[in-house]
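Participant: Attaching a single structure in structure tokens format; questions to follow.
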Amino acid sequence: MTPQPPVDEEPFTAEQAAVAEANERFYQAVEEGDLDTVRAVWIDGEYADTVHCVHPGQPAVHGRSQVLMSWAVVMSRLSYLQFFITDMRVVVSGDIAVVTCAENVLTDLPRSEGGEGSGLAGGRAEATNIFRRSRDGRWLLFAHHSSPVFPSSSSEPPDEQ
């Protein structure tokens, strides 16, 4: 299924759709614990040093090898992880594309000493994913930033408080 923009926006152009599909591959690979595909979606070569990742509540990780290691750690700690991506917006400017979206996450809780998960937990984060078009036309990720969204005690949007 091709990702689509929020209902109040115009349908994606072909270029935006290609970026949205690259974004979807990234999340699907993380869900599946597929480190080979995670490796394939992150930029390499001359841009490997530009790779940057901020996991929710964590300090920034820089450089492709360190970022890939951080994802390996994330995936090794969870037996179940599912993303429901909403509110996706894609902006393409030349060979750079920015995706903003909400990551609605369902995951198992950390494993106990016996190695079993102790239930499921949900959460929400706002993410920004930045892609660069490679020479062969593929959109590759070089920056990911995810910040947790904490439930508000107010029913009003933050702008109106």
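Ordering of the structure tokens sets the chain letters (A, B, ...); residue numbers start at 1 within each chain; ligands are numbered from 1 in the order shown.
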I want to know what sits within 12 Å of A:Ser70, based on only C-alpha atoms, with residues of the same chain fewer than 2 positions away left out; could you give that as a list in words?
Facilitator: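 My list of contacting residues is Val30, Leu35, Val38, Arg39, His52, Cys53, Val54, His55, Gln58, Pro59, Ala60, Val61, His62, Gly63, Arg64, Ser65, Gln66, Val67, Leu68, Ala72, Val73, Val74, Met75, Ser76, Arg77 and His144 of chain A.
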Participant: Find the spatial neighbours of A:Glu32, counting only C-alpha atoms, within a cut-off of 10 Å - ignore same-chain residues fewer than 5 positions away - and output them as a list of chain:residue names.
Facilitator: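 Non-adjacent residues within range: A:Tyr27, A:Thr37, A:Val38, A:Met75, A:Ser79, A:Tyr80, A:Leu81, A:Gln82.
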Participant: Go through A:Ala97, A:Met69, A:Ala14, A:Ile85 and flag the residue nearest A:Gln28, using only C-alpha atoms for the distances.
Facilitator: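 Between A:Ala97, A:Met69, A:Ala14, A:Ile85, the residue approaching A:Gln28 most closely is A:Ile85.
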Participant: Measuring between only C-alpha atoms, which one of A:Ala48, A:Asp36, A:Phe12, A:Ile43 shows the shortest distance to A:Arg135?
Facilitator: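 With only C-alpha atoms as the atom set, the closest residue is A:Ile43.
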Participant: Rounded to one decimal, what separation in Å do you get between atom CA of A:Arg25 and atom CA of A:Glu103?
Facilitator: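 Separation between atom CA of A:Arg25 and atom CA of A:Glu103: 14.1 Å.
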Participant: Given the choices A:Leu106, A:Asp95, A:Val51, A:Leu78, which gets closest to A:Asp136 if the distance is worked out from only C-alpha atoms?
Facilitator: A:Asp95
